[in-house]
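Source file: query_27.tsv; contents: TSV, C-alpha atoms.
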```
chain	number	residue	atom	x	y	z
A	1	MET	CA	30.64	-15.48	31.16
A	2	SER	CA	31.01	-17.98	34.02
A	3	LYS	CA	29.80	-21.56	34.02
A	4	ARG	CA	27.70	-20.62	37.04
A	5	PHE	CA	25.77	-18.05	34.92
A	6	PHE	CA	24.99	-20.62	32.23
A	7	TYR	CA	23.96	-23.09	34.93
A	8	LEU	CA	21.50	-20.58	36.45
A	9	CYS	CA	20.05	-19.77	33.01
A	10	SER	CA	19.54	-23.44	32.26
A	11	LEU	CA	17.93	-23.97	35.65
A	12	PHE	CA	15.53	-21.05	35.08
A	13	VAL	CA	14.47	-22.39	31.68
A	14	SER	CA	13.92	-25.86	33.18
A	15	LEU	CA	11.78	-24.47	36.00
A	16	LEU	CA	9.75	-22.38	33.56
A	17	ALA	CA	9.09	-25.43	31.40
A	18	ALA	CA	7.90	-27.33	34.47
A	19	LEU	CA	5.26	-24.73	35.37
A	20	PRO	CA	1.60	-25.55	34.61
A	21	ALA	CA	0.46	-24.12	31.28
A	22	SER	CA	-2.11	-21.97	33.07
A	23	LEU	CA	0.68	-20.07	34.84
A	24	VAL	CA	2.65	-19.25	31.70
A	25	LEU	CA	1.65	-15.96	30.12
A	26	ALA	CA	0.16	-16.64	26.69
A	27	ALA	CA	0.25	-14.18	23.82
A	28	PRO	CA	-3.08	-12.37	23.37
A	29	PRO	CA	-5.24	-13.75	20.54
A	30	GLN	CA	-4.67	-12.19	17.15
A	31	VAL	CA	-7.48	-10.88	14.96
A	32	ARG	CA	-6.70	-10.42	11.25
A	33	LEU	CA	-8.18	-7.36	9.54
A	34	VAL	CA	-8.18	-6.67	5.79
A	35	SER	CA	-8.57	-3.08	4.62
A	36	GLY	CA	-7.96	-2.01	1.02
A	37	PRO	CA	-5.48	-0.59	-1.49
A	38	ALA	CA	-2.61	1.41	-0.02
A	39	GLY	CA	-3.53	5.06	0.45
A	40	GLY	CA	-7.27	4.60	-0.10
A	41	THR	CA	-10.07	5.26	2.37
A	42	PHE	CA	-10.34	1.57	3.32
A	43	ASP	CA	-6.60	1.59	4.07
A	44	VAL	CA	-6.74	4.74	6.22
A	45	VAL	CA	-9.79	3.56	8.18
A	46	GLY	CA	-8.37	0.05	8.61
A	47	ASP	CA	-5.07	1.42	9.90
A	48	THR	CA	-6.86	3.68	12.39
A	49	ILE	CA	-9.04	0.82	13.68
A	50	THR	CA	-5.94	-1.36	14.08
A	51	ARG	CA	-4.14	1.29	16.11
A	52	LEU	CA	-7.23	1.96	18.25
A	53	VAL	CA	-7.63	-1.68	19.23
A	54	ASN	CA	-3.94	-2.34	19.81
A	55	ASP	CA	-3.35	0.78	21.91
A	56	LYS	CA	-2.81	-0.36	25.51
A	57	ASN	CA	-4.78	-3.55	24.85
A	58	THR	CA	-3.60	-6.79	26.43
A	59	GLU	CA	-6.76	-8.73	25.56
A	60	MET	CA	-6.22	-9.05	21.82
A	61	VAL	CA	-4.03	-7.86	18.95
A	62	VAL	CA	-5.20	-6.81	15.49
A	63	SER	CA	-2.90	-7.44	12.53
A	64	ARG	CA	-3.79	-5.65	9.31
A	65	SER	CA	-3.13	-6.35	5.65
A	66	ILE	CA	-4.01	-4.40	2.52
A	67	SER	CA	-6.12	-5.86	-0.27
A	68	ALA	CA	-7.74	-5.00	-3.60
A	69	GLY	CA	-10.87	-3.87	-1.76
A	70	SER	CA	-14.41	-4.86	-0.85
A	71	VAL	CA	-14.93	-7.98	-2.98
A	72	GLU	CA	-11.54	-9.48	-2.16
A	73	ASN	CA	-12.20	-8.77	1.52
A	74	LEU	CA	-15.50	-10.67	1.33
A	75	ARG	CA	-13.78	-13.68	-0.14
A	76	ARG	CA	-11.02	-13.64	2.45
A	77	LEU	CA	-13.52	-13.32	5.29
A	78	SER	CA	-15.55	-16.19	3.89
A	79	SER	CA	-12.53	-18.49	3.48
A	80	GLY	CA	-11.25	-17.76	6.99
A	81	GLU	CA	-8.10	-16.00	5.73
A	82	ALA	CA	-9.25	-12.89	7.60
A	83	ASP	CA	-11.47	-12.22	10.62
A	84	LEU	CA	-12.53	-8.60	10.10
A	85	GLY	CA	-12.70	-6.49	6.97
A	86	ILE	CA	-14.18	-3.38	5.39
A	87	VAL	CA	-16.78	-4.13	2.72
A	88	TYR	CA	-19.53	-2.31	0.89
A	89	ALA	CA	-23.10	-3.07	1.94
A	90	GLY	CA	-24.06	-3.70	-1.67
A	91	ASP	CA	-21.33	-6.28	-2.20
A	92	LEU	CA	-22.24	-8.02	1.05
A	93	PHE	CA	-25.96	-8.02	0.20
A	94	LEU	CA	-25.32	-9.54	-3.23
A	95	ALA	CA	-22.75	-12.00	-1.89
A	96	GLN	CA	-25.22	-13.35	0.66
A	97	GLN	CA	-27.57	-14.11	-2.25
A	98	GLY	CA	-24.97	-15.51	-4.64
A	99	ARG	CA	-25.37	-12.54	-7.01
A	100	LEU	CA	-21.90	-11.02	-7.21
A	101	PRO	CA	-20.79	-10.32	-10.81
A	102	TYR	CA	-19.11	-13.44	-12.23
A	103	ASP	CA	-19.41	-15.20	-8.87
A	104	ALA	CA	-22.49	-17.29	-8.09
A	105	ARG	CA	-21.19	-18.59	-4.76
A	106	THR	CA	-23.23	-17.75	-1.67
A	107	TYR	CA	-21.26	-15.99	1.06
A	108	ASP	CA	-23.60	-16.52	4.01
A	109	ASN	CA	-20.77	-16.74	6.54
A	110	VAL	CA	-19.79	-13.05	6.35
A	111	LEU	CA	-21.84	-10.80	8.64
A	112	PRO	CA	-21.99	-7.01	9.12
A	113	ALA	CA	-20.95	-5.45	12.43
A	114	ALA	CA	-21.12	-1.66	11.94
A	115	TYR	CA	-21.66	1.17	9.47
A	116	LEU	CA	-18.61	3.37	8.96
A	117	TYR	CA	-19.24	5.94	6.20
A	118	SER	CA	-21.03	6.68	2.93
A	119	ALA	CA	-19.25	6.32	-0.44
A	120	PRO	CA	-20.79	8.07	-3.48
A	121	ALA	CA	-20.20	7.04	-7.10
A	122	GLN	CA	-18.33	9.60	-9.21
A	123	MET	CA	-17.66	9.65	-12.96
A	124	LEU	CA	-14.80	12.03	-13.67
A	125	VAL	CA	-13.92	13.39	-17.14
A	126	ARG	CA	-11.74	16.18	-18.46
A	127	GLN	CA	-13.37	19.60	-18.73
A	128	ASP	CA	-12.61	19.68	-22.47
A	129	SER	CA	-14.05	16.20	-23.06
A	130	ASP	CA	-16.98	15.64	-25.43
A	131	ILE	CA	-18.57	13.42	-22.77
A	132	GLU	CA	-21.49	15.39	-21.36
A	133	THR	CA	-23.79	12.57	-20.15
A	134	VAL	CA	-23.47	8.94	-19.13
A	135	GLU	CA	-24.74	7.90	-22.56
A	136	ASP	CA	-21.74	9.64	-24.15
A	137	LEU	CA	-19.44	7.01	-22.62
A	138	THR	CA	-20.27	4.66	-25.51
A	139	GLY	CA	-17.02	3.50	-27.10
A	140	LYS	CA	-14.90	5.22	-24.46
A	141	ARG	CA	-12.18	3.77	-22.25
A	142	VAL	CA	-13.26	4.01	-18.59
A	143	ALA	CA	-11.01	3.27	-15.60
A	144	ILE	CA	-13.25	1.46	-13.11
A	145	GLY	CA	-10.87	0.43	-10.31
A	146	GLY	CA	-8.70	-2.60	-9.72
A	147	PRO	CA	-9.86	-6.24	-9.95
A	148	GLY	CA	-11.51	-7.34	-6.70
A	149	SER	CA	-12.43	-3.79	-5.71
A	150	GLY	CA	-15.87	-2.63	-4.68
A	151	ALA	CA	-15.51	0.20	-7.20
A	152	ALA	CA	-15.18	-2.20	-10.14
A	153	ALA	CA	-18.11	-4.31	-8.92
A	154	ALA	CA	-20.37	-1.25	-8.54
A	155	ALA	CA	-19.29	0.10	-11.94
A	156	GLN	CA	-20.31	-3.13	-13.64
A	157	LEU	CA	-23.70	-3.17	-11.89
A	158	TYR	CA	-24.47	0.44	-12.79
A	159	LEU	CA	-23.17	0.42	-16.36
A	160	THR	CA	-24.92	-2.88	-17.06
A	161	SER	CA	-28.18	-1.50	-15.71
A	162	VAL	CA	-28.02	1.62	-17.91
A	163	GLY	CA	-27.10	-0.49	-20.96
A	164	LEU	CA	-23.50	0.63	-21.35
A	165	TRP	CA	-21.31	-2.15	-19.97
A	166	ASP	CA	-20.98	-3.91	-23.34
A	167	HIS	CA	-20.36	-0.60	-25.11
A	168	ILE	CA	-17.45	0.79	-23.11
A	169	ARG	CA	-13.85	-0.36	-22.79
A	170	PRO	CA	-13.35	-1.03	-19.06
A	171	ASP	CA	-9.85	-0.44	-17.75
A	172	TYR	CA	-9.09	-2.12	-14.41
A	173	THR	CA	-6.76	0.60	-13.20
A	174	GLY	CA	-6.32	1.95	-9.68
A	175	TYR	CA	-7.24	5.54	-8.91
A	176	GLN	CA	-3.81	7.18	-8.87
A	177	GLU	CA	-2.71	5.49	-12.10
A	178	ALA	CA	-6.03	6.44	-13.67
A	179	VAL	CA	-5.51	10.14	-12.89
A	180	SER	CA	-2.18	10.08	-14.74
A	181	ALA	CA	-3.78	8.20	-17.64
A	182	LEU	CA	-6.62	10.74	-17.85
A	183	ALA	CA	-4.11	13.60	-17.80
A	184	HIS	CA	-2.33	12.06	-20.82
A	185	ARG	CA	-5.64	11.16	-22.52
A	186	TYR	CA	-4.92	7.41	-22.45
A	187	ILE	CA	-8.39	6.96	-20.92
A	188	ASP	CA	-11.56	9.01	-21.26
A	189	ALA	CA	-13.16	8.78	-17.80
A	190	ILE	CA	-12.53	7.59	-14.25
A	191	TRP	CA	-15.13	5.83	-12.13
A	192	LEU	CA	-14.59	6.57	-8.43
A	193	PHE	CA	-16.43	4.92	-5.55
A	194	ALA	CA	-15.10	6.33	-2.31
A	195	ALA	CA	-15.68	8.80	0.50
A	196	LEU	CA	-15.74	12.53	-0.19
A	197	PRO	CA	-13.52	14.25	-0.95
A	198	THR	CA	-11.74	11.45	-2.83
A	199	PRO	CA	-8.00	12.26	-2.93
A	200	ALA	CA	-7.61	11.02	-6.53
A	201	ALA	CA	-10.36	13.38	-7.72
A	202	THR	CA	-8.84	16.26	-5.76
A	203	HIS	CA	-5.42	15.61	-7.30
A	204	ALA	CA	-6.93	15.45	-10.78
A	205	ALA	CA	-8.87	18.71	-10.30
A	206	GLN	CA	-5.73	20.45	-9.07
A	207	ALA	CA	-3.71	19.24	-12.07
A	208	PHE	CA	-6.17	19.99	-14.91
A	209	PRO	CA	-9.82	21.10	-15.32
A	210	VAL	CA	-12.32	18.27	-14.76
A	211	ARG	CA	-16.07	17.66	-14.57
A	212	LEU	CA	-18.32	15.10	-12.88
A	213	LEU	CA	-21.25	13.49	-14.70
A	214	ASP	CA	-24.72	13.22	-13.19
A	215	LEU	CA	-25.42	9.51	-12.56
A	216	GLN	CA	-28.79	9.52	-10.83
A	217	GLY	CA	-31.01	10.27	-13.83
A	218	ALA	CA	-29.82	7.35	-15.94
A	219	GLY	CA	-30.06	5.08	-12.90
A	220	ASP	CA	-33.64	6.10	-12.25
A	221	ALA	CA	-34.66	5.59	-15.88
A	222	SER	CA	-33.09	2.12	-16.06
A	223	GLY	CA	-34.62	0.77	-12.82
A	224	PHE	CA	-31.18	0.56	-11.23
A	225	PHE	CA	-32.31	1.70	-7.78
A	226	ALA	CA	-35.31	-0.63	-7.76
A	227	ALA	CA	-33.05	-3.59	-8.63
A	228	TYR	CA	-30.36	-2.66	-6.09
A	229	PRO	CA	-32.09	-0.93	-3.14
A	230	PHE	CA	-28.89	-0.76	-1.09
A	231	PHE	CA	-27.76	2.08	-3.38
A	232	THR	CA	-29.35	5.36	-2.34
A	233	PRO	CA	-29.55	8.73	-4.14
A	234	ALA	CA	-26.86	11.19	-3.10
A	235	VAL	CA	-25.51	14.63	-3.98
A	236	ILE	CA	-21.90	15.73	-4.38
A	237	PRO	CA	-21.99	19.38	-3.27
A	238	ALA	CA	-20.56	22.17	-5.39
A	239	GLY	CA	-17.09	23.07	-4.18
A	240	THR	CA	-16.17	19.53	-3.15
A	241	TYR	CA	-13.36	19.71	-5.73
A	242	PRO	CA	-11.59	22.66	-7.37
A	243	GLY	CA	-13.71	23.87	-10.28
A	244	LEU	CA	-16.86	21.95	-9.29
A	245	ASP	CA	-19.37	24.79	-9.47
A	246	ARG	CA	-22.67	22.88	-9.17
A	247	ASP	CA	-24.19	20.02	-7.23
A	248	ILE	CA	-23.91	16.60	-8.89
A	249	SER	CA	-26.70	14.03	-8.55
A	250	THR	CA	-25.42	10.51	-7.99
A	251	PHE	CA	-25.88	7.56	-5.61
A	252	SER	CA	-23.94	6.04	-2.73
A	253	ASP	CA	-23.27	2.81	-0.87
A	254	ARG	CA	-22.30	2.19	2.74
A	255	ALA	CA	-18.86	1.05	3.88
A	256	LEU	CA	-19.27	-1.51	6.66
A	257	LEU	CA	-17.06	-3.29	9.15
A	258	ALA	CA	-17.81	-6.99	8.66
A	259	ALA	CA	-16.68	-10.21	10.36
A	260	GLY	CA	-16.53	-13.87	9.55
A	261	ALA	CA	-19.34	-15.83	11.22
A	262	ARG	CA	-16.76	-17.99	13.00
A	263	VAL	CA	-15.06	-15.04	14.70
A	264	PRO	CA	-15.70	-15.17	18.47
A	265	GLU	CA	-18.39	-12.85	19.76
A	266	GLU	CA	-16.09	-11.22	22.31
A	267	ALA	CA	-13.53	-10.31	19.63
A	268	VAL	CA	-16.13	-8.37	17.64
A	269	ARG	CA	-17.47	-6.71	20.79
A	270	GLU	CA	-13.97	-5.61	21.82
A	271	VAL	CA	-13.28	-4.02	18.43
A	272	LEU	CA	-16.61	-2.18	18.45
A	273	ARG	CA	-15.99	-0.97	22.01
A	274	LYS	CA	-12.74	0.63	20.87
A	275	VAL	CA	-14.05	2.05	17.61
A	276	PHE	CA	-17.24	3.55	19.06
A	277	SER	CA	-15.68	4.93	22.22
A	278	ALA	CA	-15.40	8.72	22.45
A	279	GLU	CA	-11.65	8.48	21.78
A	280	GLY	CA	-12.14	6.08	18.88
A	281	LEU	CA	-14.71	8.25	17.12
A	282	ASN	CA	-12.53	11.34	17.58
A	283	ARG	CA	-9.47	9.64	16.12
A	284	LEU	CA	-11.41	8.23	13.18
A	285	GLY	CA	-12.78	11.69	12.39
A	286	GLU	CA	-9.31	13.22	12.59
A	287	LYS	CA	-7.79	10.64	10.23
A	288	GLU	CA	-10.64	10.43	7.73
A	289	PRO	CA	-12.98	13.42	7.19
A	290	SER	CA	-15.79	11.18	5.93
A	291	LEU	CA	-16.03	9.65	9.42
A	292	ALA	CA	-16.27	12.99	11.23
A	293	GLY	CA	-19.57	12.99	13.09
A	294	LEU	CA	-19.95	9.19	13.09
A	295	ASN	CA	-21.87	8.08	16.18
A	296	LYS	CA	-23.36	4.96	17.69
A	297	GLN	CA	-26.82	5.64	16.29
A	298	GLN	CA	-25.31	5.69	12.79
A	299	GLY	CA	-23.04	2.74	13.49
A	300	VAL	CA	-25.93	0.30	13.93
A	301	GLN	CA	-27.46	1.30	10.57
A	302	THR	CA	-25.80	-1.33	8.37
A	303	ARG	CA	-28.86	-2.01	6.14
A	304	VAL	CA	-27.73	-5.65	5.78
A	305	ARG	CA	-28.77	-8.52	8.04
A	306	PRO	CA	-28.18	-10.61	10.03
A	307	LEU	CA	-25.64	-8.84	12.22
A	308	HIS	CA	-22.73	-10.74	13.76
A	309	PRO	CA	-23.75	-12.00	17.25
A	310	GLY	CA	-20.97	-9.94	18.81
A	311	ALA	CA	-22.34	-6.82	17.13
A	312	ILE	CA	-25.88	-7.58	18.30
A	313	THR	CA	-24.65	-7.87	21.88
A	314	PHE	CA	-22.60	-4.67	21.62
A	315	TRP	CA	-25.40	-2.53	20.15
A	316	LYS	CA	-27.89	-3.79	22.71
A	317	GLU	CA	-25.40	-2.93	25.45
A	318	GLN	CA	-25.47	0.62	24.08
A	319	GLY	CA	-29.24	0.72	24.55
A	320	LEU	CA	-29.89	0.70	20.79
A	321	GLN	CA	-32.46	-1.32	18.90
A	322	ILE	CA	-31.41	-3.28	15.83
A	323	PRO	CA	-33.33	-1.58	12.98
A	324	ALA	CA	-35.04	-3.51	10.22
A	325	PRO	CA	-32.99	-3.90	7.01
```
How does this structure look as structure tokens?
Amino acid sequence: MSKRFFYLCSLFVSLLAALPASLVLAAPPQVRLVSGPAGGTFDVVGDTITRLVNDKNTEMVVSRSISAGSVENLRRLSSGEADLGIVYAGDLFLAQQGRLPYDARTYDNVLPAAYLYSAPAQMLVRQDSDIETVEDLTGKRVAIGGPGSGAAAAAQLYLTSVGLWDHIRPDYTGYQEAVSALAHRYIDAIWLFAALPTPAATHAAQAFPVRLLDLQGAGDASGFFAAYPFFTPAVIPAGTYPGLDRDISTFSDRALLAAGARVPEEAVREVLRKVFSAEGLNRLGEKEPSLAGLNKQQGVQTRVRPLHPGAITFWKEQGLQIPAP
């Protein structure tokens, strides 16, 4: 290449450096989102939200990372390591009051923005197991989800309430590993806390006969729902999984999109605009069946307060009232 070419390149760089900062195109601000374990519902929903916001968007960019799940996401949002994250309403409610299991810190700087979907609790056992009721779990090894997951936190709350936590052997194993362990009888039951149908439960039911235990009765008798009102009774319909021939009574929590209190209002509004647009809702429903039918009226129903200021502005722009907790 000629000396003249290098001279022109150097001149261009010098002129660019001399321009006022306001005339130099800056990279759009980046928003950090934490989702959940690879392949889980949090991961699928987080990936879809990331793609929705980044598609043809020059105002901001979302970068996504996986995590252990709801409780880890809360901690990362609180510390400022992340800006947006998917959390369970129950975890957020307890965190705001300093009542998370083994964690008395108060997380009052993490705020809900939108409801995404419902996640029912499921206790899966082999069809030939001698475990017929929740009480039969005494002395058994139960896979409850990985450390830092919302599943593990909910399992401890429920099993403590019904008087079983100190009488089981909790195994902090992820869903896919737990299915293999149940198949080989290394564990006796799997606790699942995810949208229906949960892929791990489907895979298990396709590989060997399984059953689900009713969870609602023991919860009612122990005062579980009175102590933790964010959990609501739910039913897993017959036919949800191969071999499930009757409805199962259980309870569910709500998966929410949450934001750190320090995240700018406009960033939260922009994400909600993308997610709750007609295109966004369609794409979410296509990627994750549990979000099919999600609408704006549902989106504002977080059940935890206060909302992030950006969410308040967005929902009011949609003509919706902020319901009481």
### Query
When distances are computed from all atoms listed in the file, which of A:Leu256, A:Ala292, A:Pro325, A:Arg273 shows the smallest separation from A:Leu52?
A:Arg273
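Atom CA of A:Lys140 is positioned 11.0 Å from atom CA of A:Asp166.
If you measure from each of A:Ala178, A:Ile86, A:Ala143, A:Ala183 to A:Arg64 using only C-alpha atoms, the closest one turns out to be A:Ile86.
For the atom pair formed by atom CA of A:Leu257 and atom CA of A:Ala226, the distance is 25.0 Å, given to one decimal.
Our summary of the geometry notes that atom CA of A:Ser277 is positioned 20.6 Å from atom CA of A:Ser35.
Among the candidate residues A:Leu116, A:Leu196, A:Ala38, A:Val45, the one lying nearest to A:Leu294 is A:Leu116, with distances computed using all atoms listed in the file.
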### Query
If you count all atoms listed in the file, which residues fall within 7 Å of A:Lys296, apart from same-chain ones fewer than 3 positions away, as a list of chain:residue names?
A:Phe276, A:Gly299, A:Val300
### Residue neighbourhood A:Ile144, 6 Å, all atoms listed in the file, exclusion window fewer than 4 positions, as JSON, numbers by chain
{"A": [152, 172, 191]}
Take the residues just selected and output them with C-alpha atoms as an mmCIF file, in the coordinates of the input.
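Output file part.cif is given in full below:
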```cif
data_model
loop_
_atom_site.group_PDB
_atom_site.id
_atom_site.type_symbol
_atom_site.label_atom_id
_atom_site.label_comp_id
_atom_site.auth_asym_id
_atom_site.auth_seq_id
_atom_site.Cartn_x
_atom_site.Cartn_y
_atom_site.Cartn_z
ATOM 1 C CA ALA A 152 -15.180 -2.200 -10.140
ATOM 2 C CA TYR A 172 -9.090 -2.120 -14.410
ATOM 3 C CA TRP A 191 -15.130 5.830 -12.130
#
```
### A:Phe93, A:Tyr241, A:Phe314, A:Tyr115 ranked by distance to A:Ala200, top pick (using all atoms listed in the file)
A:Tyr241
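With distances restricted to only C-alpha atoms, A:Gln97 is the closest residue to A:Val304 from A:Thr106, A:Thr240, A:Gln97, A:Gln216.
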### Task
May I have the residues within 7 Å of A:Ala121 as JSON, numbers by chain, using only C-alpha atoms and disregarding those fewer than 3 positions away in the same chain?
{"A": [192, 193, 250, 251, 252]}
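Distance check against A:Asp103 using all atoms listed in the file: of A:Glu132, A:Ser67, A:Val162, A:Ala153, the minimum falls on A:Ala153.
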Please list as a CSV table (one decimal) with C-alpha atoms, keeping the file's coordinate frame every residue within 12 Å of A:Leu320, counting all atoms listed in the file and excluding residues in the same chain fewer than 3 positions away.
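Generated file (out.csv):
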```
chain,number,residue,atom,x,y,z
A,295,ASN,CA,-21.9,8.1,16.2
A,296,LYS,CA,-23.4,5.0,17.7
A,297,GLN,CA,-26.8,5.6,16.3
A,298,GLN,CA,-25.3,5.7,12.8
A,299,GLY,CA,-23.0,2.7,13.5
A,300,VAL,CA,-25.9,0.3,13.9
A,301,GLN,CA,-27.5,1.3,10.6
A,311,ALA,CA,-22.3,-6.8,17.1
A,312,ILE,CA,-25.9,-7.6,18.3
A,313,THR,CA,-24.6,-7.9,21.9
A,314,PHE,CA,-22.6,-4.7,21.6
A,315,TRP,CA,-25.4,-2.5,20.2
A,316,LYS,CA,-27.9,-3.8,22.7
A,317,GLU,CA,-25.4,-2.9,25.4
A,323,PRO,CA,-33.3,-1.6,13.0
```
As lines of an AutoDock Vina configuration file, please: the centre and edge lengths in Å, to one decimal, of an axis-aligned box enclosing every listed atom of stretch 180-190 of chain A with 8 Å added on each side.
```
center_x = -7.7
center_y = 10.3
center_z = -18.4
size_x = 27.0
size_y = 22.6
size_z = 24.3
```
Give me, as a short mmCIF file (atom, residue, chain, number, x, y, z; two decimals) with C-alpha atoms, in the coordinates of the input, all polymer residues having an atom no more than 10 Å from A:Ile190, counting only C-alpha atoms and skipping those fewer than 2 positions away in the same chain.
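Result file out21.cif:
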```cif
data_model
loop_
_atom_site.label_atom_id
_atom_site.label_comp_id
_atom_site.auth_asym_id
_atom_site.auth_seq_id
_atom_site.Cartn_x
_atom_site.Cartn_y
_atom_site.Cartn_z
CA GLN A 122 -18.33 9.60 -9.21
CA MET A 123 -17.66 9.65 -12.96
CA LEU A 124 -14.80 12.03 -13.67
CA VAL A 125 -13.92 13.39 -17.14
CA ARG A 126 -11.74 16.18 -18.46
CA ARG A 141 -12.18 3.77 -22.25
CA VAL A 142 -13.26 4.01 -18.59
CA ALA A 143 -11.01 3.27 -15.60
CA ILE A 144 -13.25 1.46 -13.11
CA GLY A 145 -10.87 0.43 -10.31
CA PRO A 170 -13.35 -1.03 -19.06
CA ASP A 171 -9.85 -0.44 -17.75
CA THR A 173 -6.76 0.60 -13.20
CA GLY A 174 -6.32 1.95 -9.68
CA TYR A 175 -7.24 5.54 -8.91
CA ALA A 178 -6.03 6.44 -13.67
CA VAL A 179 -5.51 10.14 -12.89
CA ALA A 181 -3.78 8.20 -17.64
CA LEU A 182 -6.62 10.74 -17.85
CA ILE A 187 -8.39 6.96 -20.92
CA ASP A 188 -11.56 9.01 -21.26
CA LEU A 192 -14.59 6.57 -8.43
CA PHE A 193 -16.43 4.92 -5.55
CA ALA A 200 -7.61 11.02 -6.53
CA ALA A 201 -10.36 13.38 -7.72
CA LEU A 212 -18.32 15.10 -12.88
#
```
Around (-31.2, -6.8, -9.4), as given in the file, which residues come within 10 Å? Count all atoms listed in the file and list them as a compact mmCIF listing (two decimals) with C-alpha atoms, in the coordinates of the input.
```txt
# COMPACT_ATOMS: atom_id res chain seq x y z
CA LEU A 94 -25.32 -9.54 -3.23
CA ARG A 99 -25.37 -12.54 -7.01
CA LEU A 157 -23.70 -3.17 -11.89
CA SER A 161 -28.18 -1.50 -15.71
CA GLY A 223 -34.62 0.77 -12.82
CA PHE A 224 -31.18 0.56 -11.23
CA PHE A 225 -32.31 1.70 -7.78
CA ALA A 226 -35.31 -0.63 -7.76
CA ALA A 227 -33.05 -3.59 -8.63
CA TYR A 228 -30.36 -2.66 -6.09
CA PRO A 229 -32.09 -0.93 -3.14
```
